[in-house]
$ cat protein00.pdb   # PDB, C-alpha atoms
MODEL        1
ATOM      1  CA  MET G   1      84.165 -49.086-171.591  1.00  0.00           C
ATOM      2  CA  GLU G   2      81.999 -46.430-173.234  1.00  0.00           C
ATOM      3  CA  ARG G   3      80.843 -48.969-175.805  1.00  0.00           C
ATOM      4  CA  ALA G   4      79.891 -51.413-173.070  1.00  0.00           C
ATOM      5  CA  ALA G   5      77.897 -48.688-171.292  1.00  0.00           C
ATOM      6  CA  ALA G   6      76.129 -47.856-174.560  1.00  0.00           C
ATOM      7  CA  GLU G   7      75.317 -51.563-175.081  1.00  0.00           C
ATOM      8  CA  VAL G   8      73.817 -51.784-171.589  1.00  0.00           C
ATOM      9  CA  ALA G   9      71.776 -48.637-172.213  1.00  0.00           C
ATOM     10  CA  MET G  10      70.324 -50.241-175.370  1.00  0.00           C
ATOM     11  CA  MET G  11      69.241 -53.398-173.524  1.00  0.00           C
ATOM     12  CA  GLY G  12      65.584 -53.945-172.773  1.00  0.00           C
ATOM     13  CA  PHE G  13      64.194 -54.510-169.292  1.00  0.00           C
ATOM     14  CA  ARG G  14      64.144 -58.308-169.511  1.00  0.00           C
ATOM     15  CA  GLU G  15      67.634 -58.610-170.966  1.00  0.00           C
ATOM     16  CA  ARG G  16      69.042 -56.462-168.180  1.00  0.00           C
ATOM     17  CA  ARG G  17      67.099 -58.445-165.609  1.00  0.00           C
ATOM     18  CA  ALA G  18      68.524 -61.707-166.978  1.00  0.00           C
ATOM     19  CA  TRP G  19      72.063 -60.373-166.439  1.00  0.00           C
ATOM     20  CA  ALA G  20      71.137 -59.151-162.965  1.00  0.00           C
ATOM     21  CA  GLU G  21      69.597 -62.493-162.022  1.00  0.00           C
ATOM     22  CA  LEU G  22      72.621 -64.345-163.405  1.00  0.00           C
ATOM     23  CA  ALA G  23      74.882 -62.282-161.127  1.00  0.00           C
ATOM     24  CA  ALA G  24      72.473 -62.830-158.225  1.00  0.00           C
ATOM     25  CA  TRP G  25      72.838 -66.609-158.581  1.00  0.00           C
ATOM     26  CA  ALA G  26      76.547 -66.655-159.424  1.00  0.00           C
ATOM     27  CA  VAL G  27      78.098 -64.440-156.741  1.00  0.00           C
ATOM     28  CA  PRO G  28      76.587 -65.699-153.448  1.00  0.00           C
ATOM     29  CA  PHE G  29      76.461 -69.349-154.471  1.00  0.00           C
ATOM     30  CA  ALA G  30      80.025 -69.339-155.826  1.00  0.00           C
ATOM     31  CA  ILE G  31      81.114 -68.074-152.389  1.00  0.00           C
ATOM     32  CA  TYR G  32      78.860 -70.649-150.678  1.00  0.00           C
ATOM     33  CA  PHE G  33      80.289 -73.600-152.642  1.00  0.00           C
ATOM     34  CA  ALA G  34      83.866 -72.321-152.284  1.00  0.00           C
ATOM     35  CA  LEU G  35      83.520 -72.148-148.495  1.00  0.00           C
ATOM     36  CA  ALA G  36      81.283 -75.205-147.979  1.00  0.00           C
ATOM     37  CA  PRO G  37      83.191 -77.709-145.833  1.00  0.00           C
ATOM     38  CA  GLY G  38      83.363 -81.356-146.862  1.00  0.00           C
ATOM     39  CA  GLY G  39      82.189 -84.294-144.739  1.00  0.00           C
ATOM     40  CA  GLU G  40      79.306 -84.413-142.324  1.00  0.00           C
ATOM     41  CA  PRO G  41      78.748 -82.030-139.370  1.00  0.00           C
ATOM     42  CA  THR G  42      79.670 -83.687-136.089  1.00  0.00           C
ATOM     43  CA  ASP G  43      77.405 -81.719-133.752  1.00  0.00           C
ATOM     44  CA  ILE G  44      74.450 -79.364-133.756  1.00  0.00           C
ATOM     45  CA  THR G  45      76.675 -76.251-133.840  1.00  0.00           C
ATOM     46  CA  ALA G  46      78.393 -77.431-137.018  1.00  0.00           C
ATOM     47  CA  MET G  47      75.003 -78.238-138.541  1.00  0.00           C
ATOM     48  CA  LEU G  48      73.680 -74.768-137.669  1.00  0.00           C
ATOM     49  CA  ARG G  49      76.811 -73.198-139.150  1.00  0.00           C
ATOM     50  CA  ARG G  50      76.124 -74.969-142.449  1.00  0.00           C
ATOM     51  CA  LEU G  51      72.506 -73.915-142.435  1.00  0.00           C
ATOM     52  CA  ALA G  52      73.626 -70.337-141.707  1.00  0.00           C
ATOM     53  CA  GLY G  53      75.932 -70.500-144.751  1.00  0.00           C
ATOM     54  CA  PHE G  54      73.038 -71.594-146.921  1.00  0.00           C
ATOM     55  CA  ALA G  55      70.791 -68.883-145.436  1.00  0.00           C
ATOM     56  CA  ALA G  56      73.469 -66.239-146.077  1.00  0.00           C
ATOM     57  CA  ALA G  57      73.758 -67.317-149.739  1.00  0.00           C
ATOM     58  CA  THR G  58      69.969 -67.213-150.139  1.00  0.00           C
ATOM     59  CA  ILE G  59      69.718 -63.779-148.522  1.00  0.00           C
ATOM     60  CA  GLY G  60      72.594 -62.556-150.733  1.00  0.00           C
ATOM     61  CA  TYR G  61      70.682 -63.848-153.756  1.00  0.00           C
ATOM     62  CA  GLY G  62      67.556 -61.962-152.663  1.00  0.00           C
ATOM     63  CA  ILE G  63      69.428 -58.709-152.083  1.00  0.00           C
ATOM     64  CA  LEU G  64      71.301 -58.884-155.412  1.00  0.00           C
ATOM     65  CA  LEU G  65      68.120 -59.813-157.272  1.00  0.00           C
ATOM     66  CA  GLY G  66      66.238 -56.890-155.712  1.00  0.00           C
ATOM     67  CA  ALA G  67      69.028 -54.440-156.530  1.00  0.00           C
ATOM     68  CA  GLY G  68      69.343 -55.892-160.034  1.00  0.00           C
ATOM     69  CA  THR G  69      65.622 -55.591-160.662  1.00  0.00           C
ATOM     70  CA  LEU G  70      65.684 -51.922-159.624  1.00  0.00           C
ATOM     71  CA  TRP G  71      68.659 -51.360-161.946  1.00  0.00           C
ATOM     72  CA  SER G  72      66.796 -53.125-164.779  1.00  0.00           C
ATOM     73  CA  MET G  73      63.723 -50.952-164.292  1.00  0.00           C
ATOM     74  CA  ARG G  74      65.736 -47.731-164.562  1.00  0.00           C
ATOM     75  CA  GLY G  75      64.671 -45.963-167.751  1.00  0.00           C
ATOM     76  CA  ALA G  76      62.591 -48.906-169.004  1.00  0.00           C
ATOM     77  CA  PRO G  77      59.162 -47.857-170.332  1.00  0.00           C
ATOM     78  CA  ARG G  78      56.201 -49.185-168.353  1.00  0.00           C
ATOM     79  CA  HIS G  79      54.795 -51.280-171.229  1.00  0.00           C
ATOM     80  CA  GLU G  80      58.144 -53.144-171.486  1.00  0.00           C
ATOM     81  CA  ARG G  81      57.930 -54.138-167.847  1.00  0.00           C
ATOM     82  CA  SER G  82      54.303 -55.228-167.789  1.00  0.00           C
ATOM     83  CA  LYS G  83      54.064 -58.186-170.153  1.00  0.00           C
ATOM     84  CA  PRO G  84      56.647 -60.007-172.298  1.00  0.00           C
ATOM     85  CA  ASP G  85      56.073 -59.678-176.036  1.00  0.00           C
ATOM     86  CA  GLU G  86      56.189 -62.607-178.497  1.00  0.00           C
ATOM     87  CA  ARG G  87      59.974 -62.476-179.017  1.00  0.00           C
ATOM     88  CA  GLU G  88      60.621 -62.328-175.283  1.00  0.00           C
ATOM     89  CA  ARG G  89      58.309 -65.294-174.702  1.00  0.00           C
ATOM     90  CA  ALA G  90      60.076 -67.266-177.453  1.00  0.00           C
ATOM     91  CA  ILE G  91      63.471 -66.498-175.895  1.00  0.00           C
ATOM     92  CA  GLU G  92      62.210 -67.465-172.433  1.00  0.00           C
ATOM     93  CA  TRP G  93      60.771 -70.723-173.771  1.00  0.00           C
ATOM     94  CA  ARG G  94      63.992 -71.758-175.525  1.00  0.00           C
ATOM     95  CA  ALA G  95      66.185 -70.805-172.569  1.00  0.00           C
ATOM     96  CA  THR G  96      63.900 -72.670-170.156  1.00  0.00           C
ATOM     97  CA  SER G  97      64.182 -75.830-172.242  1.00  0.00           C
ATOM     98  CA  TYR G  98      68.007 -75.655-171.981  1.00  0.00           C
ATOM     99  CA  GLY G  99      67.824 -75.105-168.218  1.00  0.00           C
ATOM    100  CA  TYR G 100      65.334 -77.960-167.877  1.00  0.00           C
ATOM    101  CA  GLY G 101      67.753 -80.340-169.618  1.00  0.00           C
ATOM    102  CA  VAL G 102      70.530 -79.424-167.194  1.00  0.00           C
ATOM    103  CA  MET G 103      68.149 -79.725-164.243  1.00  0.00           C
ATOM    104  CA  MET G 104      67.052 -83.212-165.351  1.00  0.00           C
ATOM    105  CA  ALA G 105      70.676 -84.355-165.737  1.00  0.00           C
ATOM    106  CA  GLY G 106      71.445 -82.931-162.283  1.00  0.00           C
ATOM    107  CA  MET G 107      68.438 -84.617-160.686  1.00  0.00           C
ATOM    108  CA  ILE G 108      69.352 -87.994-162.241  1.00  0.00           C
ATOM    109  CA  LEU G 109      72.852 -87.588-160.820  1.00  0.00           C
ATOM    110  CA  VAL G 110      71.589 -86.531-157.383  1.00  0.00           C
ATOM    111  CA  GLY G 111      68.670 -88.932-157.084  1.00  0.00           C
ATOM    112  CA  ILE G 112      69.955 -92.051-158.832  1.00  0.00           C
ATOM    113  CA  VAL G 113      73.769 -92.065-158.992  1.00  0.00           C
ATOM    114  CA  LEU G 114      74.982 -90.211-155.892  1.00  0.00           C
ATOM    115  CA  PRO G 115      73.039 -92.204-153.244  1.00  0.00           C
ATOM    116  CA  PHE G 116      75.223 -95.238-154.087  1.00  0.00           C
ATOM    117  CA  GLU G 117      78.392 -93.333-153.222  1.00  0.00           C
ATOM    118  CA  ARG G 118      77.541 -90.420-150.937  1.00  0.00           C
ATOM    119  CA  SER G 119      75.077 -89.361-148.270  1.00  0.00           C
ATOM    120  CA  GLY G 120      73.928 -86.369-146.226  1.00  0.00           C
ATOM    121  CA  TRP G 121      75.271 -82.938-147.084  1.00  0.00           C
ATOM    122  CA  ALA G 122      77.129 -84.115-150.182  1.00  0.00           C
ATOM    123  CA  ILE G 123      73.774 -84.978-151.771  1.00  0.00           C
ATOM    124  CA  THR G 124      72.136 -81.809-150.448  1.00  0.00           C
ATOM    125  CA  ASN G 125      74.889 -79.624-151.908  1.00  0.00           C
ATOM    126  CA  ALA G 126      74.851 -81.545-155.190  1.00  0.00           C
ATOM    127  CA  ALA G 127      71.085 -80.949-155.471  1.00  0.00           C
ATOM    128  CA  LEU G 128      71.607 -77.271-154.701  1.00  0.00           C
ATOM    129  CA  ALA G 129      74.397 -77.101-157.293  1.00  0.00           C
ATOM    130  CA  ALA G 130      72.087 -78.683-159.897  1.00  0.00           C
ATOM    131  CA  ILE G 131      69.478 -75.978-159.252  1.00  0.00           C
ATOM    132  CA  VAL G 132      72.043 -73.157-159.371  1.00  0.00           C
ATOM    133  CA  VAL G 133      73.743 -74.453-162.525  1.00  0.00           C
ATOM    134  CA  SER G 134      70.451 -75.060-164.352  1.00  0.00           C
ATOM    135  CA  GLU G 135      69.295 -71.526-163.530  1.00  0.00           C
ATOM    136  CA  MET G 136      72.630 -70.110-164.678  1.00  0.00           C
ATOM    137  CA  VAL G 137      72.384 -72.040-167.950  1.00  0.00           C
ATOM    138  CA  ARG G 138      68.836 -70.760-168.471  1.00  0.00           C
ATOM    139  CA  LEU G 139      69.804 -67.145-167.748  1.00  0.00           C
ATOM    140  CA  THR G 140      72.958 -67.335-169.888  1.00  0.00           C
ATOM    141  CA  ALA G 141      70.816 -68.657-172.746  1.00  0.00           C
ATOM    142  CA  VAL G 142      68.378 -65.758-172.244  1.00  0.00           C
ATOM    143  CA  ALA G 143      71.236 -63.234-172.382  1.00  0.00           C
ATOM    144  CA  VAL G 144      72.833 -64.871-175.459  1.00  0.00           C
ATOM    145  CA  LEU G 145      69.511 -65.157-177.309  1.00  0.00           C
ATOM    146  CA  TYR G 146      68.750 -61.471-176.677  1.00  0.00           C
ATOM    147  CA  ARG G 147      72.202 -60.598-178.069  1.00  0.00           C
ATOM    148  CA  ARG G 148      71.563 -62.725-181.157  1.00  0.00           C
ATOM    149  CA  GLY G 149      68.195 -61.101-181.734  1.00  0.00           C
ATOM    150  CA  GLY G 150      65.812 -63.895-180.878  1.00  0.00           C
TER     151      GLY G 150
ATOM    152  CA  MET P   1      66.800 -67.202-185.315  1.00  0.00           C
ATOM    153  CA  ALA P   2      69.619 -65.180-186.890  1.00  0.00           C
ATOM    154  CA  GLY P   3      69.385 -64.574-190.630  1.00  0.00           C
ATOM    155  CA  VAL P   4      65.667 -65.178-191.174  1.00  0.00           C
ATOM    156  CA  PRO P   5      64.603 -65.415-194.858  1.00  0.00           C
ATOM    157  CA  ILE P   6      62.154 -62.520-194.541  1.00  0.00           C
ATOM    158  CA  ALA P   7      63.254 -59.024-195.550  1.00  0.00           C
ATOM    159  CA  ASN P   8      61.353 -55.888-194.685  1.00  0.00           C
ATOM    160  CA  ASP P   9      61.137 -52.169-195.401  1.00  0.00           C
ATOM    161  CA  ILE P  10      60.283 -51.041-191.896  1.00  0.00           C
ATOM    162  CA  ARG P  11      63.239 -48.655-191.678  1.00  0.00           C
ATOM    163  CA  THR P  12      62.134 -46.860-194.871  1.00  0.00           C
ATOM    164  CA  LEU P  13      58.502 -46.822-193.795  1.00  0.00           C
ATOM    165  CA  ARG P  14      59.432 -45.341-190.418  1.00  0.00           C
ATOM    166  CA  PHE P  15      61.373 -42.614-192.219  1.00  0.00           C
ATOM    167  CA  LEU P  16      58.420 -41.887-194.492  1.00  0.00           C
ATOM    168  CA  ALA P  17      56.149 -41.755-191.461  1.00  0.00           C
ATOM    169  CA  GLY P  18      57.982 -38.707-190.149  1.00  0.00           C
ATOM    170  CA  GLU P  19      60.978 -40.552-188.696  1.00  0.00           C
ATOM    171  CA  MET P  20      58.804 -42.594-186.382  1.00  0.00           C
ATOM    172  CA  THR P  21      60.982 -44.096-183.650  1.00  0.00           C
ATOM    173  CA  GLN P  22      61.331 -47.820-183.032  1.00  0.00           C
ATOM    174  CA  ALA P  23      59.902 -47.235-179.568  1.00  0.00           C
ATOM    175  CA  ASP P  24      56.801 -45.516-181.004  1.00  0.00           C
ATOM    176  CA  LEU P  25      56.254 -48.299-183.500  1.00  0.00           C
ATOM    177  CA  GLY P  26      56.811 -50.912-180.810  1.00  0.00           C
ATOM    178  CA  GLU P  27      54.273 -49.286-178.528  1.00  0.00           C
ATOM    179  CA  ARG P  28      51.669 -49.152-181.303  1.00  0.00           C
ATOM    180  CA  VAL P  29      52.261 -52.776-182.263  1.00  0.00           C
ATOM    181  CA  GLY P  30      52.511 -54.032-178.684  1.00  0.00           C
ATOM    182  CA  VAL P  31      56.139 -55.152-178.685  1.00  0.00           C
ATOM    183  CA  THR P  32      59.340 -53.696-177.259  1.00  0.00           C
ATOM    184  CA  ARG P  33      61.710 -51.333-179.075  1.00  0.00           C
ATOM    185  CA  GLN P  34      64.307 -54.124-179.034  1.00  0.00           C
ATOM    186  CA  THR P  35      61.917 -56.473-180.854  1.00  0.00           C
ATOM    187  CA  ILE P  36      61.298 -53.884-183.579  1.00  0.00           C
ATOM    188  CA  ALA P  37      65.089 -53.443-183.902  1.00  0.00           C
ATOM    189  CA  ALA P  38      65.547 -57.232-184.208  1.00  0.00           C
ATOM    190  CA  ILE P  39      62.827 -57.442-186.885  1.00  0.00           C
ATOM    191  CA  GLU P  40      64.324 -54.513-188.826  1.00  0.00           C
ATOM    192  CA  GLN P  41      67.771 -56.103-188.788  1.00  0.00           C
ATOM    193  CA  GLY P  42      66.385 -59.448-189.984  1.00  0.00           C
ATOM    194  CA  LYS P  43      67.370 -61.208-186.774  1.00  0.00           C
ATOM    195  CA  TYR P  44      63.838 -62.136-185.780  1.00  0.00           C
ATOM    196  CA  ALA P  45      60.825 -63.208-187.851  1.00  0.00           C
ATOM    197  CA  PRO P  46      57.659 -61.739-186.340  1.00  0.00           C
ATOM    198  CA  SER P  47      54.478 -63.728-185.921  1.00  0.00           C
ATOM    199  CA  LEU P  48      51.809 -63.250-188.564  1.00  0.00           C
ATOM    200  CA  GLU P  49      49.786 -61.172-186.112  1.00  0.00           C
ATOM    201  CA  ALA P  50      52.690 -58.827-185.355  1.00  0.00           C
ATOM    202  CA  ALA P  51      53.484 -58.539-189.081  1.00  0.00           C
ATOM    203  CA  PHE P  52      49.878 -57.516-189.815  1.00  0.00           C
ATOM    204  CA  ARG P  53      49.918 -55.055-186.933  1.00  0.00           C
ATOM    205  CA  ILE P  54      53.121 -53.446-188.268  1.00  0.00           C
ATOM    206  CA  ALA P  55      51.673 -53.193-191.781  1.00  0.00           C
ATOM    207  CA  ARG P  56      48.514 -51.681-190.359  1.00  0.00           C
ATOM    208  CA  VAL P  57      50.453 -48.942-188.541  1.00  0.00           C
ATOM    209  CA  PHE P  58      51.871 -47.841-191.905  1.00  0.00           C
ATOM    210  CA  ASP P  59      48.539 -48.380-193.650  1.00  0.00           C
ATOM    211  CA  LYS P  60      50.176 -50.736-196.155  1.00  0.00           C
ATOM    212  CA  PRO P  61      49.373 -54.274-197.291  1.00  0.00           C
ATOM    213  CA  LEU P  62      51.562 -56.949-195.730  1.00  0.00           C
ATOM    214  CA  GLU P  63      53.522 -57.617-198.934  1.00  0.00           C
ATOM    215  CA  GLU P  64      54.662 -53.984-199.113  1.00  0.00           C
ATOM    216  CA  VAL P  65      56.285 -54.293-195.698  1.00  0.00           C
ATOM    217  CA  PHE P  66      57.618 -57.866-195.704  1.00  0.00           C
ATOM    218  CA  ARG P  67      58.885 -60.074-198.511  1.00  0.00           C
ATOM    219  CA  TRP P  68      60.160 -63.629-198.691  1.00  0.00           C
ATOM    220  CA  GLU P  69      63.831 -63.877-199.633  1.00  0.00           C
ATOM    221  CA  GLY P  70      64.387 -67.554-198.947  1.00  0.00           C
ATOM    222  CA  GLY P  71      64.962 -70.153-201.636  1.00  0.00           C
TER     223      GLY P  71
ENDMDL
END
$ encode --input "protein00.pdb" --output "structure tokens"
Amino acid sequence: MERAAAEVAMMGFRERRAWAELAAWAVPFAIYFALAPGGEPTDITAMLRRLAGFAAATIGYGILLGAGTLWSMRGAPRHERSKPDERERAIEWRATSYGYGVMMAGMILVGIVLPFERSGWAITNAALAAIVVSEMVRLTAVAVLYRRGG
Amino acid sequence: MAGVPIANDIRTLRFLAGEMTQADLGERVGVTRQTIAAIEQGKYAPSLEAAFRIARVFDKPLEEVFRWEGG
């Protein structure tokens, strides 16, 4: 436990923020997808309930991201927060390319394959899942690349 | 980029410069403390510009700070 705390203390601002953003995506959207009902809403109330679920997940993401950013800034020197250096840009570039690959695969699934089999909210949730998963892949890659050094 | 074929003497040079911290060196070069640590440990190969900036901080030619250890 002490070692883990020491590791966190050694992390730079952007590495900490990657972990915080990963948690901000994972927690509310895992709850959203776990509770999302199947099938199509039958009336306007059911539709509003689904939209409220999506809004709650998005608000949860915003709150966790804000709190995580404040946590990341704690003790980080100002010059670390202002502009990414060359290693941080290289890490961001590599991680983004991984996330982009996942996003493209997700969009092909959602836009080309799923319309033959599903409709409505199934496609909407699949598109949302593609965005969430691609972001989580990108942020996991950022965290792993920081651990590996670059 | 783990195990880059470029070794360096930054740790020694920091010691000789009055135990300059990684954070101080990073600030003077324009990179983070973590990036200096990664370079020192041979986990990250800096750009040519960053390498020159590091050498300049220690007032040394580039080849006295970095050396090629690849095949």
$ resolve_selection --input "protein00.pdb" --expression "the PyMOL selection byres ((chain P) within 9 of (chain G))" --output "short mmCIF file (atom, residue, chain, number, x, y, z; two decimals) with C-alpha atoms, keeping the file's coordinate frame"
data_model
loop_
_atom_site.label_atom_id
_atom_site.label_comp_id
_atom_site.auth_asym_id
_atom_site.auth_seq_id
_atom_site.Cartn_x
_atom_site.Cartn_y
_atom_site.Cartn_z
CA MET P 1 66.80 -67.20 -185.32
CA ALA P 2 69.62 -65.18 -186.89
CA GLU P 27 54.27 -49.29 -178.53
CA GLY P 30 52.51 -54.03 -178.68
CA VAL P 31 56.14 -55.15 -178.68
CA THR P 32 59.34 -53.70 -177.26
CA ARG P 33 61.71 -51.33 -179.08
CA GLN P 34 64.31 -54.12 -179.03
CA THR P 35 61.92 -56.47 -180.85
CA ALA P 37 65.09 -53.44 -183.90
CA ALA P 38 65.55 -57.23 -184.21
CA ILE P 39 62.83 -57.44 -186.88
CA GLN P 41 67.77 -56.10 -188.79
CA GLY P 42 66.39 -59.45 -189.98
CA LYS P 43 67.37 -61.21 -186.77
CA TYR P 44 63.84 -62.14 -185.78
CA ALA P 45 60.82 -63.21 -187.85
CA PRO P 46 57.66 -61.74 -186.34
CA SER P 47 54.48 -63.73 -185.92
CA ALA P 50 52.69 -58.83 -185.36
#
$ closest_residue --input "protein00.pdb" --among "G:Leu65, G:Met73, G:Leu128, G:Leu139" --to "Tyr98 of chain G" --atoms "all atoms listed in the file"
G:Leu139
$ atom_distance --input "protein00.pdb" --atom1 "atom CA of Ala129 of chain G" --atom2 "atom CA of Ala30 of chain G"
9.7 Å
$ atom_distance --input "protein00.pdb" --atom1 "atom CA of Lys60 of chain P" --atom2 "atom CA of Leu16 of chain P"
12.2 Å
$ residues_around --input "protein00.pdb" --residues "segment 36-48 of chain G" --least-positions-apart "2" --cutoff "12 Å" --atoms "all atoms listed in the file" --output "PyMOL selection string"
chain G and resi 28-34+50-57+118-126+128-129
$ atom_distance --input "protein00.pdb" --atom1 "atom CA of Phe66 of chain P" --atom2 "atom CA of Val144 of chain G"
26.3 Å
$ residues_around --input "protein00.pdb" --residues "segment 101-103 of chain G" --least-positions-apart "4" --cutoff "10 Å" --atoms "only C-alpha atoms" --output "short mmCIF file (atom, residue, chain, number, x, y, z; two decimals) with C-alpha atoms, in the frame of the given file"
data_model
loop_
_atom_site.label_atom_id
_atom_site.label_comp_id
_atom_site.auth_asym_id
_atom_site.auth_seq_id
_atom_site.Cartn_x
_atom_site.Cartn_y
_atom_site.Cartn_z
CA THR G 96 63.90 -72.67 -170.16
CA SER G 97 64.18 -75.83 -172.24
CA MET G 107 68.44 -84.62 -160.69
CA ILE G 108 69.35 -87.99 -162.24
CA LEU G 109 72.85 -87.59 -160.82
CA ALA G 127 71.08 -80.95 -155.47
CA ALA G 129 74.40 -77.10 -157.29
CA ALA G 130 72.09 -78.68 -159.90
CA ILE G 131 69.48 -75.98 -159.25
CA VAL G 132 72.04 -73.16 -159.37
CA VAL G 133 73.74 -74.45 -162.52
CA SER G 134 70.45 -75.06 -164.35
CA GLU G 135 69.30 -71.53 -163.53
CA MET G 136 72.63 -70.11 -164.68
CA VAL G 137 72.38 -72.04 -167.95
CA ARG G 138 68.84 -70.76 -168.47
#
$ resolve_selection --input "protein00.pdb" --expression "the PyMOL selection byres ((chain G and resi 20) around 10)" --output "PyMOL selection string"
chain G and resi 14-19+21-26+64-72+139
$ resolve_selection --input "protein00.pdb" --expression "the PyMOL selection byres ((chain P and resi 58) around 10)" --output "PyMOL selection string"
chain P and resi 10+13-14+16-17+25+53-57+59-62+64-65
$ axis_aligned_box --input "protein00.pdb" --around "segment 117-132 of chain G" --padding-each-side "8 Å" --output "lines of an AutoDock Vina configuration file"
center_x = 73.9
center_y = -83.2
center_z = -153.1
size_x = 24.9
size_y = 36.2
size_z = 29.7
$ decode --input "protein00.pdb" --residues "segment 103-116 of chain G" --atoms "N, CA and C atoms" --output "CSV table (one decimal), in the first residue's frame"
chain,number,residue,atom,x,y,z
G,103,MET,N,-11.7,2.6,-32.3
G,103,MET,CA,-12.8,3.5,-32.8
G,103,MET,C,-13.3,3.1,-34.2
G,104,MET,N,-12.3,2.9,-35.1
G,104,MET,CA,-12.6,2.6,-36.5
G,104,MET,C,-13.4,1.2,-36.5
G,105,ALA,N,-12.8,0.2,-35.8
G,105,ALA,CA,-13.5,-1.1,-35.7
G,105,ALA,C,-14.9,-1.0,-35.2
G,106,GLY,N,-15.0,-0.2,-34.1
G,106,GLY,CA,-16.4,0.0,-33.6
G,106,GLY,C,-17.3,0.7,-34.5
G,107,MET,N,-16.8,1.7,-35.3
G,107,MET,CA,-17.7,2.4,-36.2
G,107,MET,C,-18.1,1.5,-37.4
G,108,ILE,N,-17.2,0.7,-37.8
G,108,ILE,CA,-17.5,-0.3,-38.9
G,108,ILE,C,-18.6,-1.2,-38.4
G,109,LEU,N,-18.5,-1.7,-37.2
G,109,LEU,CA,-19.5,-2.6,-36.6
G,109,LEU,C,-20.8,-1.9,-36.5
G,110,VAL,N,-20.8,-0.6,-36.0
G,110,VAL,CA,-22.1,0.1,-35.7
G,110,VAL,C,-22.7,0.6,-37.0
G,111,GLY,N,-21.9,1.1,-37.9
G,111,GLY,CA,-22.4,1.7,-39.1
G,111,GLY,C,-22.7,0.7,-40.3
G,112,ILE,N,-22.0,-0.4,-40.3
G,112,ILE,CA,-22.1,-1.3,-41.5
G,112,ILE,C,-22.7,-2.6,-41.1
G,113,VAL,N,-22.3,-3.2,-40.0
G,113,VAL,CA,-22.8,-4.6,-39.7
G,113,VAL,C,-24.1,-4.5,-38.9
G,114,LEU,N,-24.1,-3.7,-37.8
G,114,LEU,CA,-25.3,-3.8,-37.0
G,114,LEU,C,-26.7,-3.4,-37.6
G,115,PRO,N,-26.7,-2.4,-38.5
G,115,PRO,CA,-28.0,-2.0,-39.2
G,115,PRO,C,-28.7,-3.2,-39.8
G,116,PHE,N,-28.0,-4.3,-40.2
G,116,PHE,CA,-28.6,-5.4,-40.8
G,116,PHE,C,-29.4,-6.3,-39.8
